[in-house]
Amino acid sequence: MKDKYLYAHSKEGRPPEEWQGIEDHLANVAKIAASYAAKFHSEDWVWNAAWLHDLGKAADEFQAYLLRQNWLDDSEYDGTGHGRVNHSSAGAAFAQEKFGPIVGLVCAYLAAGHHAGLPDYFPVDTGRAALQIRLQEGRENLDHIRAVADEMGKQLRLGIKPPAFVKSENFHLWIRMLFACLVDADFLDTEAFMNPEQSKYRGGYNSLAELKPVLDRHLQHMADSAPDTPVNALRQYILAACKNASDHKPGLFSLTVPTGGGKTLSGMAFAMDHAVQYGKVRIIYVIPYTSIIEQTAKILSDIFGADNVIEHHSNLDPDKETQRSLLAAENWDAPIIVTTNVQFFESLYAARSSRCRKLHNIVNSVVMLDEAQLLPPDKLTPCVDVMNQLWRHYGATIVLSTATQPALPGLDTPREIIENPARLYKSLERTKIIMPDNLNEFSKWEEIAEDLKAHEQVLCVVNTRRDCYDLFRLMPPDAIHLSALMCGQHRSEKIQEIKQKLRDSLPVQVISTQLVEAGVDIDFPAVYRALAGIDSIVQAGGRCNREGKLNAEGRLGQVYVFVPPKPAPRGLLLKGENTSRELCALPDFNPNHPDEFTRYFKSFYSRVNDTGEKFKDWLQKDASNLQVQFRTAANAFQFIEDHAQQSVFVRYADSGKWLDELRKVGPKRQNMRKLQRFSVNLSKRDFDKAKFDGLVEEVRTGFWLWIGKYDTSLGVDLFSSGWAPEDLMI
C-alpha cells in the first residue's frame, strides 16, 4: 500500500481528513451489494466486483483531480495531467488477471460499467466503450497502482462458482442483476457520505405484513357498502378466489377476469396475501399506458397511504412527488411500485446504471402484469424470456392479469387463479358482441354517424386519429372527441366530463381512439367498435353495461362491430383485423366466449414477422464465451422507438407558465414533469411536415412547441386544412 492516504470521495470546502477513503468505500459497497445479491445466491460475485470497481481511484491522476476540484495543492502529483480520469478500467483488468477468463470477465463487466453502463464486449458501434478496449486501457493503468491492487486483492473471495441456474441463455440477466446490486450499493454509500441529509429520506416504509390489514379492512368496507347486485356478488366471488389462491407456491399465474370484474383490487389481494405468506418484499404493479396508471396509483395510494406507493412513469406530476418518492423511484425501494411496461421491461434489458440499479428489488417480489395482451409483439420473445427467468431463478411471482388472456408463445404455463373462467364470464355476461353479416362490406362514416345519433349515450371506438376526426366532424356539436392528439391534461378533463354526464344520466356521444379500451372506468349502454383484433373488440365492450344495470331490466349491453370505410393501417392493427376476419368466418367461432382468446392470439402471433428474435443474437449467441453485446441490445430494446415520433408541447390550460420557464431557464425536473401533461406525440413524418409548414417552434434545443391551431375539441389540429398525416398512431 502507498504511504499516502487514498481517497474515493471529497467534500467541497472540507479538509482531506474528512474525505472518504477508498478502502472504506469499497468495504461499504461490498457489504451492501453482497446483501442484495444473497437473494439470488450470488453474493461472492458482487463482493469481488465491489472491491474492484473503484480501484482506479488509487491512481495519482485521480488523487490529484480530487485536490484540484477542491482548490487544494496537487504539486505532490506533478505531471499527472488535468484531463478526465478513467477509474473503472483498472479494476476490470485486475479482475481478469486475478481470476482468469471466466470469473474475471464477469467482474470486469461490472467494474468497467459501473459509471458508463454495461459495455458491449465487441467494439461494434460503441467504439472505445467496448469491454475489449476497456480491458486494454485497464492493463495500462494497472501498472501504476500495482501495490494498492495487490493489497485490495487480499479481500477477494476465491474459488467461487456461478449459481447452478446460470447458463449461456440467461447469463445476460444474471449479469444485470449483479450490476444492479453493485451500482445501487455504490450510489447509496456515496450518497450517505456526500449527502447524509438526503440519505435519511430513504427506507423506513411499512412492510407488506403491516399493510395487509389495511387492505383487508378496505375490502371489507367496500363489500359492506356495495349495493346487492349480481355484478357485485360476482366481484366478491372473484375476490374470494384470489385470496384462496394466494397460498399456492410462488411462480407464474394468470388472472382471467371479465372487464368490470374488479381485478385491480382482487389481484392486489392475491398479491398481498401471497407476499406475506411467502416473504415477498414488494408488489410491483405494471400497467401498459401512462393514461391509466394514475388512476390505479390513486386507488392504491388512497388505501395504503401515498408514502407507501411509488409511481414511476414519465407523466408523474411533480406536485405529487416528495423527496422520499423521488429517491424511491431511483431504485424501487418501497413496498408498492406502480409503473409502466416501458419502465419495467426496458430496465430489464438496460445497460445504463441509472436504469439498472432498481433490478435487484424485483427479486423476491410479486409482479402484477396488467393487460398482458398489450405487450408489443415485436418484443414478445425477450419479454417472455425475462418473465420466465424472473419466476424460475429470482424468486418473483408473476401474475398476468387481463380480461383477454393472450397465449404468449414460449411462456411457461401459468396457473389460473380463477377456477373455470368460462363459467365466470357466463355468470358476468353483460354484453353481446354483434358482428356484421359481411366482414368485407365497408360502411360509410355517414352511415355510422346516423346510427350513433340514434343513441343518447353511446361510445364509438375507431382505429386511428384520422378515423376519429372524420367521424367526429359528422356528429352533433355536443359530441366528445378523444384521441392522443389531445394532451394528457385535456384528455383527463374530457374523461371526467364523460363520467359526470353518465352519472347524471345526460346525453353523451363519444368518438374515441383505442385509448379508452384499457382501464378507463366508464359505463355506456351501447358501444360501437370498428373492426379490429378480437381482444380490442372485447376490451371496448368492457366499457358497455359495466355495472350490469341493463341486466336488471332483462337485457344486455350491445357492442356493435362495423367495418370502417378503409382498413386499418399496415402493421399490427391490420394483422389483428385480418385475424378477426379469418376466425369469424369459422362456423364455430363465438366472440362472446373467453376460450376464443387463445385461438385468436395463437393465430395473431403467427402473423407477426418478428417477435424480437434478434435479441438472442446480441445476448446469447456468444454468451458461452461471456461475450455479450449489452449496449447494442439495450439501445435497440425500446417499446416506443425514439426515432419514430417526436413530442411537441401545446398551449393548454396553464402550460404557458411552464413553457415560459423552459424558455428562460431551460429544462428542469419540475418544468419537464409539468409539461409532460401538455405534450402530444407526432409521427416523425408528421413532425417534419409541421416543421416545414412553420407549425412548430424550437423553444430550447430539442424541445418543440406546437404553434399551429390547438382545438378545444380536437387537440392538435392536423386535419382541418386538408393535411393527410399518417394514421399509425392512436
# chains A, B, ... in the order shown; residues from 1 in each chain; ligands from 1
$ residues_around --residues "region 86-100 of chain A" --least-positions-apart "2" --cutoff "9 Å" --atoms "only C-alpha atoms" --output "VMD selection string"
chain A and resid 48 to 49 51 to 59 62 84 102 to 115 131 134 to 143 145 149 153 158 to 159
$ write_last_selection --atoms "C-alpha atoms" --output "mmCIF file, in the first residue's frame"
data_model
loop_
_atom_site.group_PDB
_atom_site.id
_atom_site.type_symbol
_atom_site.label_atom_id
_atom_site.label_comp_id
_atom_site.auth_asym_id
_atom_site.auth_seq_id
_atom_site.Cartn_x
_atom_site.Cartn_y
_atom_site.Cartn_z
ATOM 1 C CA ASN A 48 -15.448 -9.133 -5.506
ATOM 2 C CA ALA A 49 -16.730 -6.612 -8.049
ATOM 3 C CA TRP A 51 -13.733 -4.354 -4.035
ATOM 4 C CA LEU A 52 -12.525 -3.772 -7.587
ATOM 5 C CA HIS A 53 -14.918 -1.179 -9.017
ATOM 6 C CA ASP A 54 -13.115 1.981 -7.806
ATOM 7 C CA LEU A 55 -9.625 0.539 -7.718
ATOM 8 C CA GLY A 56 -8.537 3.014 -10.401
ATOM 9 C CA LYS A 57 -9.115 5.893 -7.993
ATOM 10 C CA ALA A 58 -5.838 4.951 -6.359
ATOM 11 C CA ALA A 59 -4.021 6.373 -9.378
ATOM 12 C CA PHE A 62 -7.420 10.721 -9.674
ATOM 13 C CA ARG A 84 -10.794 13.233 -17.416
ATOM 14 C CA ILE A 102 -14.487 -16.713 -16.528
ATOM 15 C CA VAL A 103 -14.776 -15.156 -13.062
ATOM 16 C CA GLY A 104 -12.513 -12.340 -14.166
ATOM 17 C CA LEU A 105 -14.656 -11.397 -17.145
ATOM 18 C CA VAL A 106 -17.839 -11.307 -15.063
ATOM 19 C CA CYS A 107 -16.238 -8.927 -12.574
ATOM 20 C CA ALA A 108 -14.735 -6.940 -15.455
ATOM 21 C CA TYR A 109 -18.165 -6.226 -16.960
ATOM 22 C CA LEU A 110 -19.396 -4.954 -13.597
ATOM 23 C CA ALA A 111 -16.369 -2.871 -12.663
ATOM 24 C CA ALA A 112 -15.872 -1.355 -16.112
ATOM 25 C CA GLY A 113 -19.543 -0.444 -16.444
ATOM 26 C CA HIS A 114 -20.406 0.907 -13.013
ATOM 27 C CA HIS A 115 -20.494 4.511 -14.277
ATOM 28 C CA LEU A 131 -15.025 -4.160 -22.929
ATOM 29 C CA ARG A 134 -11.584 -1.033 -21.645
ATOM 30 C CA LEU A 135 -9.546 -4.054 -20.566
ATOM 31 C CA GLN A 136 -6.612 -2.926 -22.683
ATOM 32 C CA GLU A 137 -6.755 0.541 -21.102
ATOM 33 C CA GLY A 138 -7.096 -1.012 -17.671
ATOM 34 C CA ARG A 139 -3.999 -3.113 -18.047
ATOM 35 C CA GLU A 140 -2.018 0.045 -18.839
ATOM 36 C CA ASN A 141 -3.463 1.829 -15.797
ATOM 37 C CA LEU A 142 -2.970 -1.153 -13.510
ATOM 38 C CA ASP A 143 0.795 -0.892 -13.662
ATOM 39 C CA ILE A 145 -1.419 1.097 -8.850
ATOM 40 C CA ALA A 149 -4.327 -3.566 -6.204
ATOM 41 C CA GLY A 153 -6.895 -8.185 -3.697
ATOM 42 C CA LEU A 158 -11.529 -17.092 -4.428
ATOM 43 C CA GLY A 159 -12.833 -20.352 -5.808
#
$ residues_around --residues "Arg355 (chain A)" --least-positions-apart "3" --cutoff "9 Å" --atoms "only C-alpha atoms" --output "PyMOL selection string"
chain A and resi 180+330-331+343+346-348+350-352+358-359
$ write_last_selection --atoms "N, CA and C atoms" --output "PDB file, in the first residue's frame"
ATOM      1  N   ALA A 180     -26.923  -4.427 -10.959  1.00  0.00           N
ATOM      2  CA  ALA A 180     -27.868  -3.634 -10.159  1.00  0.00           C
ATOM      3  C   ALA A 180     -27.435  -3.585  -8.701  1.00  0.00           C
ATOM      4  N   GLU A 330     -35.768   5.894  -7.814  1.00  0.00           N
ATOM      5  CA  GLU A 330     -34.458   5.580  -8.377  1.00  0.00           C
ATOM      6  C   GLU A 330     -34.170   4.085  -8.310  1.00  0.00           C
ATOM      7  N   ASN A 331     -34.578   3.456  -7.184  1.00  0.00           N
ATOM      8  CA  ASN A 331     -34.226   2.034  -7.022  1.00  0.00           C
ATOM      9  C   ASN A 331     -35.396   1.169  -6.546  1.00  0.00           C
ATOM     10  N   GLN A 343     -41.090   1.157 -18.422  1.00  0.00           N
ATOM     11  CA  GLN A 343     -40.095   1.202 -17.349  1.00  0.00           C
ATOM     12  C   GLN A 343     -39.649  -0.188 -16.939  1.00  0.00           C
ATOM     13  N   GLU A 346     -37.968  -2.316 -20.238  1.00  0.00           N
ATOM     14  CA  GLU A 346     -36.760  -1.669 -20.743  1.00  0.00           C
ATOM     15  C   GLU A 346     -35.650  -1.684 -19.699  1.00  0.00           C
ATOM     16  N   SER A 347     -36.002  -1.593 -18.424  1.00  0.00           N
ATOM     17  CA  SER A 347     -34.982  -1.673 -17.374  1.00  0.00           C
ATOM     18  C   SER A 347     -34.333  -3.052 -17.340  1.00  0.00           C
ATOM     19  N   LEU A 348     -35.128  -4.091 -17.579  1.00  0.00           N
ATOM     20  CA  LEU A 348     -34.597  -5.455 -17.554  1.00  0.00           C
ATOM     21  C   LEU A 348     -33.664  -5.743 -18.726  1.00  0.00           C
ATOM     22  N   ALA A 350     -31.752  -3.011 -19.942  1.00  0.00           N
ATOM     23  CA  ALA A 350     -30.969  -1.779 -19.992  1.00  0.00           C
ATOM     24  C   ALA A 350     -29.480  -2.055 -19.804  1.00  0.00           C
ATOM     25  N   ALA A 351     -28.691  -1.046 -20.098  1.00  0.00           N
ATOM     26  CA  ALA A 351     -27.248  -1.100 -19.854  1.00  0.00           C
ATOM     27  C   ALA A 351     -26.806   0.019 -18.920  1.00  0.00           C
ATOM     28  N   ARG A 352     -27.508   1.153 -18.949  1.00  0.00           N
ATOM     29  CA  ARG A 352     -27.108   2.292 -18.118  1.00  0.00           C
ATOM     30  C   ARG A 352     -27.331   1.980 -16.639  1.00  0.00           C
ATOM     31  N   LYS A 358     -32.414  -0.505 -10.109  1.00  0.00           N
ATOM     32  CA  LYS A 358     -33.620  -0.982  -9.438  1.00  0.00           C
ATOM     33  C   LYS A 358     -33.817  -2.486  -9.559  1.00  0.00           C
ATOM     34  N   LEU A 359     -33.088  -3.148 -10.460  1.00  0.00           N
ATOM     35  CA  LEU A 359     -33.428  -4.525 -10.825  1.00  0.00           C
ATOM     36  C   LEU A 359     -33.366  -5.494  -9.654  1.00  0.00           C
TER      37      LEU A 359
END
$ select_by_dssp --residues "region 396-467 of chain A" --states "alpha helix (DSSP H)" --output "list of chain:residue names"
A:Pro421, A:Ala422, A:Arg423, A:Leu424, A:Tyr425, A:Lys426, A:Ser427, A:Trp445, A:Glu446, A:Glu447, A:Ile448, A:Ala449, A:Glu450, A:Asp451, A:Leu452, A:Lys453, A:Arg465, A:Arg466, A:Asp467
$ closest_residue --among "A:Val561, A:Cys544, A:Val366, A:Ala233" --to "Ile284 (chain A)" --atoms "only C-alpha atoms"
A:Val366
$ select_by_dssp --residues "region 195-438 of chain A" --states "strand (DSSP E)" --output "PyMOL selection string"
chain A and resi 252-256+283-287+309-312+336-340+366-370+397-402+415-416+431-434
$ write_last_selection --atoms "N, CA, C and O atoms" --output "tab-separated table (two decimals), in the first residue's frame"
chain	number	residue	atom	x	y	z
A	252	LEU	N	-45.64	-18.62	-11.66
A	252	LEU	CA	-46.28	-17.88	-12.74
A	252	LEU	C	-47.79	-18.15	-12.71
A	252	LEU	O	-48.21	-19.31	-12.73
A	253	PHE	N	-48.58	-17.08	-12.69
A	253	PHE	CA	-50.03	-17.19	-12.58
A	253	PHE	C	-50.70	-16.37	-13.67
A	253	PHE	O	-50.13	-15.42	-14.20
A	254	SER	N	-51.94	-16.74	-13.98
A	254	SER	CA	-52.81	-15.90	-14.79
A	254	SER	C	-54.06	-15.58	-13.98
A	254	SER	O	-54.53	-16.40	-13.19
A	255	LEU	N	-54.56	-14.37	-14.17
A	255	LEU	CA	-55.80	-13.94	-13.53
A	255	LEU	C	-56.72	-13.49	-14.66
A	255	LEU	O	-56.55	-12.39	-15.20
A	256	THR	N	-57.67	-14.34	-15.02
A	256	THR	CA	-58.54	-14.07	-16.15
A	256	THR	C	-59.91	-13.67	-15.62
A	256	THR	O	-60.67	-14.51	-15.12
A	283	ILE	N	-44.62	-5.40	-3.97
A	283	ILE	CA	-45.55	-5.67	-5.05
A	283	ILE	C	-45.30	-4.63	-6.14
A	283	ILE	O	-45.30	-3.43	-5.86
A	284	ILE	N	-45.10	-5.09	-7.35
A	284	ILE	CA	-44.84	-4.20	-8.49
A	284	ILE	C	-46.01	-4.33	-9.45
A	284	ILE	O	-46.23	-5.41	-10.03
A	285	TYR	N	-46.76	-3.26	-9.62
A	285	TYR	CA	-47.94	-3.26	-10.48
A	285	TYR	C	-47.56	-2.61	-11.81
A	285	TYR	O	-47.23	-1.43	-11.85
A	286	VAL	N	-47.57	-3.40	-12.89
A	286	VAL	CA	-47.07	-2.95	-14.19
A	286	VAL	C	-48.26	-2.74	-15.13
A	286	VAL	O	-49.05	-3.65	-15.36
A	287	ILE	N	-48.36	-1.54	-15.68
A	287	ILE	CA	-49.53	-1.11	-16.45
A	287	ILE	C	-49.07	-0.65	-17.84
A	287	ILE	O	-48.02	-0.01	-17.96
A	309	VAL	N	-46.70	4.00	-1.67
A	309	VAL	CA	-46.95	3.69	-3.07
A	309	VAL	C	-46.12	4.63	-3.93
A	309	VAL	O	-46.30	5.85	-3.87
A	310	ILE	N	-45.23	4.08	-4.73
A	310	ILE	CA	-44.36	4.89	-5.57
A	310	ILE	C	-44.79	4.74	-7.02
A	310	ILE	O	-44.85	3.64	-7.56
A	311	GLU	N	-45.10	5.87	-7.66
A	311	GLU	CA	-45.37	5.89	-9.08
A	311	GLU	C	-44.05	6.14	-9.82
A	311	GLU	O	-43.29	7.02	-9.44
A	312	HIS	N	-43.82	5.37	-10.85
A	312	HIS	CA	-42.62	5.60	-11.66
A	312	HIS	C	-42.99	5.54	-13.12
A	312	HIS	O	-43.11	4.46	-13.71
A	336	ILE	N	-44.76	-0.88	-2.46
A	336	ILE	CA	-45.67	-0.99	-3.61
A	336	ILE	C	-45.19	-0.03	-4.70
A	336	ILE	O	-45.06	1.18	-4.46
A	337	ILE	N	-44.91	-0.56	-5.87
A	337	ILE	CA	-44.46	0.22	-7.01
A	337	ILE	C	-45.53	0.14	-8.10
A	337	ILE	O	-46.03	-0.95	-8.42
A	338	VAL	N	-45.90	1.28	-8.66
A	338	VAL	CA	-46.81	1.31	-9.80
A	338	VAL	C	-46.03	1.91	-10.97
A	338	VAL	O	-45.58	3.06	-10.90
A	339	THR	N	-45.87	1.13	-12.02
A	339	THR	CA	-45.01	1.57	-13.12
A	339	THR	C	-45.60	1.11	-14.45
A	339	THR	O	-46.68	0.54	-14.50
A	340	THR	N	-44.89	1.37	-15.52
A	340	THR	CA	-45.36	1.04	-16.86
A	340	THR	C	-44.58	-0.13	-17.45
A	340	THR	O	-43.48	-0.45	-17.01
A	366	VAL	N	-43.69	-9.65	-5.97
A	366	VAL	CA	-44.86	-10.09	-6.74
A	366	VAL	C	-45.07	-9.05	-7.84
A	366	VAL	O	-45.22	-7.86	-7.56
A	367	VAL	N	-45.07	-9.50	-9.09
A	367	VAL	CA	-45.23	-8.61	-10.24
A	367	VAL	C	-46.61	-8.84	-10.84
A	367	VAL	O	-46.91	-9.93	-11.33
A	368	MET	N	-47.45	-7.82	-10.77
A	368	MET	CA	-48.78	-7.86	-11.39
A	368	MET	C	-48.68	-7.22	-12.77
A	368	MET	O	-48.47	-6.01	-12.88
A	369	LEU	N	-48.80	-8.02	-13.81
A	369	LEU	CA	-48.68	-7.52	-15.19
A	369	LEU	C	-50.10	-7.31	-15.73
A	369	LEU	O	-50.76	-8.25	-16.16
A	370	ASP	N	-50.56	-6.07	-15.68
A	370	ASP	CA	-51.93	-5.74	-16.06
A	370	ASP	C	-52.05	-5.65	-17.58
A	370	ASP	O	-51.15	-5.15	-18.26
A	397	THR	N	-42.91	-13.85	-8.13
A	397	THR	CA	-44.20	-14.39	-8.56
A	397	THR	C	-44.79	-13.42	-9.56
A	397	THR	O	-44.87	-12.22	-9.29
A	398	ILE	N	-45.17	-13.91	-10.73
A	398	ILE	CA	-45.67	-13.06	-11.80
A	398	ILE	C	-47.12	-13.43	-12.09
A	398	ILE	O	-47.45	-14.62	-12.24
A	399	VAL	N	-47.97	-12.41	-12.18
A	399	VAL	CA	-49.39	-12.62	-12.45
A	399	VAL	C	-49.76	-11.87	-13.72
A	399	VAL	O	-49.60	-10.65	-13.79
A	400	LEU	N	-50.24	-12.59	-14.73
A	400	LEU	CA	-50.73	-11.98	-15.97
A	400	LEU	C	-52.22	-11.73	-15.80
A	400	LEU	O	-53.02	-12.67	-15.78
A	401	SER	N	-52.59	-10.48	-15.69
A	401	SER	CA	-53.96	-10.11	-15.33
A	401	SER	C	-54.63	-9.41	-16.51
A	401	SER	O	-54.16	-8.37	-16.97
A	402	THR	N	-55.74	-9.97	-16.99
A	402	THR	CA	-56.44	-9.36	-18.12
A	402	THR	C	-57.79	-10.02	-18.33
A	402	THR	O	-58.03	-11.14	-17.84
A	415	ARG	N	-50.47	-20.85	-13.85
A	415	ARG	CA	-51.60	-21.42	-13.12
A	415	ARG	C	-52.71	-20.38	-13.06
A	415	ARG	O	-52.48	-19.25	-12.64
A	416	GLU	N	-53.91	-20.77	-13.46
A	416	GLU	CA	-55.04	-19.85	-13.47
A	416	GLU	C	-55.60	-19.70	-12.05
A	416	GLU	O	-55.88	-20.70	-11.38
A	431	THR	N	-72.82	-8.08	-21.89
A	431	THR	CA	-72.86	-7.54	-23.26
A	431	THR	C	-72.99	-8.66	-24.27
A	431	THR	O	-72.67	-9.83	-23.98
A	432	LYS	N	-73.43	-8.29	-25.43
A	432	LYS	CA	-73.45	-9.19	-26.58
A	432	LYS	C	-72.72	-8.51	-27.71
A	432	LYS	O	-73.04	-7.37	-28.07
A	433	ILE	N	-71.72	-9.19	-28.25
A	433	ILE	CA	-70.98	-8.66	-29.39
A	433	ILE	C	-71.72	-9.03	-30.67
A	433	ILE	O	-71.97	-10.21	-30.93
A	434	ILE	N	-72.05	-8.04	-31.45
A	434	ILE	CA	-72.81	-8.25	-32.68
A	434	ILE	C	-71.89	-7.95	-33.86
A	434	ILE	O	-71.52	-6.80	-34.11
$ atom_distance --atom1 "CA of Thr296 (chain A)" --atom2 "CA of Ile495 (chain A)"
15.3 Å
$ residues_around --residues "Gln20 (chain A)" --least-positions-apart "3" --cutoff "12 Å" --atoms "only C-alpha atoms" --output "PyMOL selection string"
chain A and resi 5-11+14-17+23-28+57+66+189-194
$ closest_atom_pairs --of "region 571-650 of chain A" --to "region 444-468 of chain A" --cutoff "12 Å" --atoms "only C-alpha atoms" --output "Markdown table"
| residue | atom | partner | partner_atom | distance |
| --- | --- | --- | --- | --- |
| A:Leu572 | CA | A:Asn463 | CA | 11.3 |
| A:Leu573 | CA | A:Asn463 | CA | 7.8 |
| A:Leu574 | CA | A:Asn463 | CA | 9.8 |
| A:Gly576 | CA | A:Asn463 | CA | 11.1 |
| A:Glu577 | CA | A:Asn463 | CA | 10.1 |
$ residues_around --residues "Asp693 (chain A)" --least-positions-apart "2" --cutoff "12 Å" --atoms "only C-alpha atoms" --output "JSON, numbers by chain"
{"A": [686, 687, 688, 689, 690, 691, 695, 696, 697, 706, 707, 708, 718, 721, 723]}
$ decode --residues "region 694-703 of chain A" --atoms "all heavy atoms" --output "PDB file, in the first residue's frame"
ATOM      1  N   GLY A 694     -44.001  25.506 -40.720  1.00  0.00           N
ATOM      2  CA  GLY A 694     -43.907  26.536 -39.692  1.00  0.00           C
ATOM      3  C   GLY A 694     -44.920  26.392 -38.581  1.00  0.00           C
ATOM      4  O   GLY A 694     -45.314  27.385 -37.956  1.00  0.00           O
ATOM      5  N   LEU A 695     -45.326  25.150 -38.283  1.00  0.00           N
ATOM      6  CA  LEU A 695     -46.336  24.915 -37.248  1.00  0.00           C
ATOM      7  C   LEU A 695     -45.729  24.534 -35.903  1.00  0.00           C
ATOM      8  O   LEU A 695     -46.456  24.332 -34.928  1.00  0.00           O
ATOM      9  CB  LEU A 695     -47.302  23.815 -37.706  1.00  0.00           C
ATOM     10  CG  LEU A 695     -48.111  24.133 -38.969  1.00  0.00           C
ATOM     11  CD1 LEU A 695     -48.956  22.932 -39.379  1.00  0.00           C
ATOM     12  CD2 LEU A 695     -48.997  25.355 -38.742  1.00  0.00           C
ATOM     13  N   VAL A 696     -44.410  24.418 -35.844  1.00  0.00           N
ATOM     14  CA  VAL A 696     -43.730  24.124 -34.583  1.00  0.00           C
ATOM     15  C   VAL A 696     -42.564  25.093 -34.408  1.00  0.00           C
ATOM     16  O   VAL A 696     -42.005  25.600 -35.383  1.00  0.00           O
ATOM     17  CB  VAL A 696     -43.222  22.664 -34.517  1.00  0.00           C
ATOM     18  CG1 VAL A 696     -44.378  21.685 -34.436  1.00  0.00           C
ATOM     19  CG2 VAL A 696     -42.317  22.340 -35.696  1.00  0.00           C
ATOM     20  N   GLU A 697     -42.231  25.329 -33.160  1.00  0.00           N
ATOM     21  CA  GLU A 697     -41.125  26.238 -32.829  1.00  0.00           C
ATOM     22  C   GLU A 697     -40.231  25.558 -31.800  1.00  0.00           C
ATOM     23  O   GLU A 697     -40.723  24.964 -30.832  1.00  0.00           O
ATOM     24  CB  GLU A 697     -41.686  27.534 -32.238  1.00  0.00           C
ATOM     25  CG  GLU A 697     -40.620  28.482 -31.700  1.00  0.00           C
ATOM     26  CD  GLU A 697     -41.204  29.577 -30.814  1.00  0.00           C
ATOM     27  OE1 GLU A 697     -42.453  29.641 -30.688  1.00  0.00           O
ATOM     28  OE2 GLU A 697     -40.417  30.355 -30.237  1.00  0.00           O
ATOM     29  N   GLU A 698     -38.932  25.653 -32.008  1.00  0.00           N
ATOM     30  CA  GLU A 698     -37.978  25.070 -31.064  1.00  0.00           C
ATOM     31  C   GLU A 698     -37.717  26.077 -29.946  1.00  0.00           C
ATOM     32  O   GLU A 698     -36.989  27.053 -30.129  1.00  0.00           O
ATOM     33  CB  GLU A 698     -36.674  24.686 -31.773  1.00  0.00           C
ATOM     34  CG  GLU A 698     -35.769  23.812 -30.937  1.00  0.00           C
ATOM     35  CD  GLU A 698     -34.603  23.245 -31.725  1.00  0.00           C
ATOM     36  OE1 GLU A 698     -34.250  23.845 -32.779  1.00  0.00           O
ATOM     37  OE2 GLU A 698     -34.055  22.213 -31.314  1.00  0.00           O
ATOM     38  N   VAL A 699     -38.320  25.832 -28.784  1.00  0.00           N
ATOM     39  CA  VAL A 699     -38.196  26.794 -27.685  1.00  0.00           C
ATOM     40  C   VAL A 699     -36.865  26.642 -26.947  1.00  0.00           C
ATOM     41  O   VAL A 699     -36.380  27.598 -26.341  1.00  0.00           O
ATOM     42  CB  VAL A 699     -39.370  26.653 -26.692  1.00  0.00           C
ATOM     43  CG1 VAL A 699     -40.666  27.062 -27.350  1.00  0.00           C
ATOM     44  CG2 VAL A 699     -39.489  25.243 -26.151  1.00  0.00           C
ATOM     45  N   ARG A 700     -36.325  25.464 -26.938  1.00  0.00           N
ATOM     46  CA  ARG A 700     -34.982  25.159 -26.453  1.00  0.00           C
ATOM     47  C   ARG A 700     -34.464  24.022 -27.314  1.00  0.00           C
ATOM     48  O   ARG A 700     -35.252  23.266 -27.879  1.00  0.00           O
ATOM     49  CB  ARG A 700     -35.007  24.729 -24.985  1.00  0.00           C
ATOM     50  CG  ARG A 700     -35.044  25.880 -23.987  1.00  0.00           C
ATOM     51  CD  ARG A 700     -33.616  26.310 -23.621  1.00  0.00           C
ATOM     52  NE  ARG A 700     -33.610  27.474 -22.751  1.00  0.00           N
ATOM     53  CZ  ARG A 700     -32.543  27.877 -22.081  1.00  0.00           C
ATOM     54  NH1 ARG A 700     -31.412  27.202 -22.161  1.00  0.00           N
ATOM     55  NH2 ARG A 700     -32.586  28.964 -21.348  1.00  0.00           N
ATOM     56  N   THR A 701     -33.175  23.843 -27.367  1.00  0.00           N
ATOM     57  CA  THR A 701     -32.622  22.805 -28.236  1.00  0.00           C
ATOM     58  C   THR A 701     -33.261  21.454 -27.934  1.00  0.00           C
ATOM     59  O   THR A 701     -33.181  20.948 -26.813  1.00  0.00           O
ATOM     60  CB  THR A 701     -31.097  22.711 -28.055  1.00  0.00           C
ATOM     61  OG1 THR A 701     -30.512  23.991 -28.328  1.00  0.00           O
ATOM     62  CG2 THR A 701     -30.524  21.661 -29.003  1.00  0.00           C
ATOM     63  N   GLY A 702     -33.936  20.894 -28.940  1.00  0.00           N
ATOM     64  CA  GLY A 702     -34.567  19.590 -28.798  1.00  0.00           C
ATOM     65  C   GLY A 702     -35.969  19.617 -28.221  1.00  0.00           C
ATOM     66  O   GLY A 702     -36.617  18.570 -28.135  1.00  0.00           O
ATOM     67  N   PHE A 703     -36.484  20.789 -27.834  1.00  0.00           N
ATOM     68  CA  PHE A 703     -37.822  20.906 -27.249  1.00  0.00           C
ATOM     69  C   PHE A 703     -38.683  21.782 -28.159  1.00  0.00           C
ATOM     70  O   PHE A 703     -38.343  22.944 -28.419  1.00  0.00           O
ATOM     71  CB  PHE A 703     -37.754  21.502 -25.842  1.00  0.00           C
ATOM     72  CG  PHE A 703     -36.998  20.640 -24.872  1.00  0.00           C
ATOM     73  CD1 PHE A 703     -35.667  20.910 -24.571  1.00  0.00           C
ATOM     74  CD2 PHE A 703     -37.603  19.549 -24.281  1.00  0.00           C
ATOM     75  CE1 PHE A 703     -34.960  20.114 -23.684  1.00  0.00           C
ATOM     76  CE2 PHE A 703     -36.905  18.742 -23.396  1.00  0.00           C
ATOM     77  CZ  PHE A 703     -35.586  19.022 -23.098  1.00  0.00           C
TER      78      PHE A 703
END
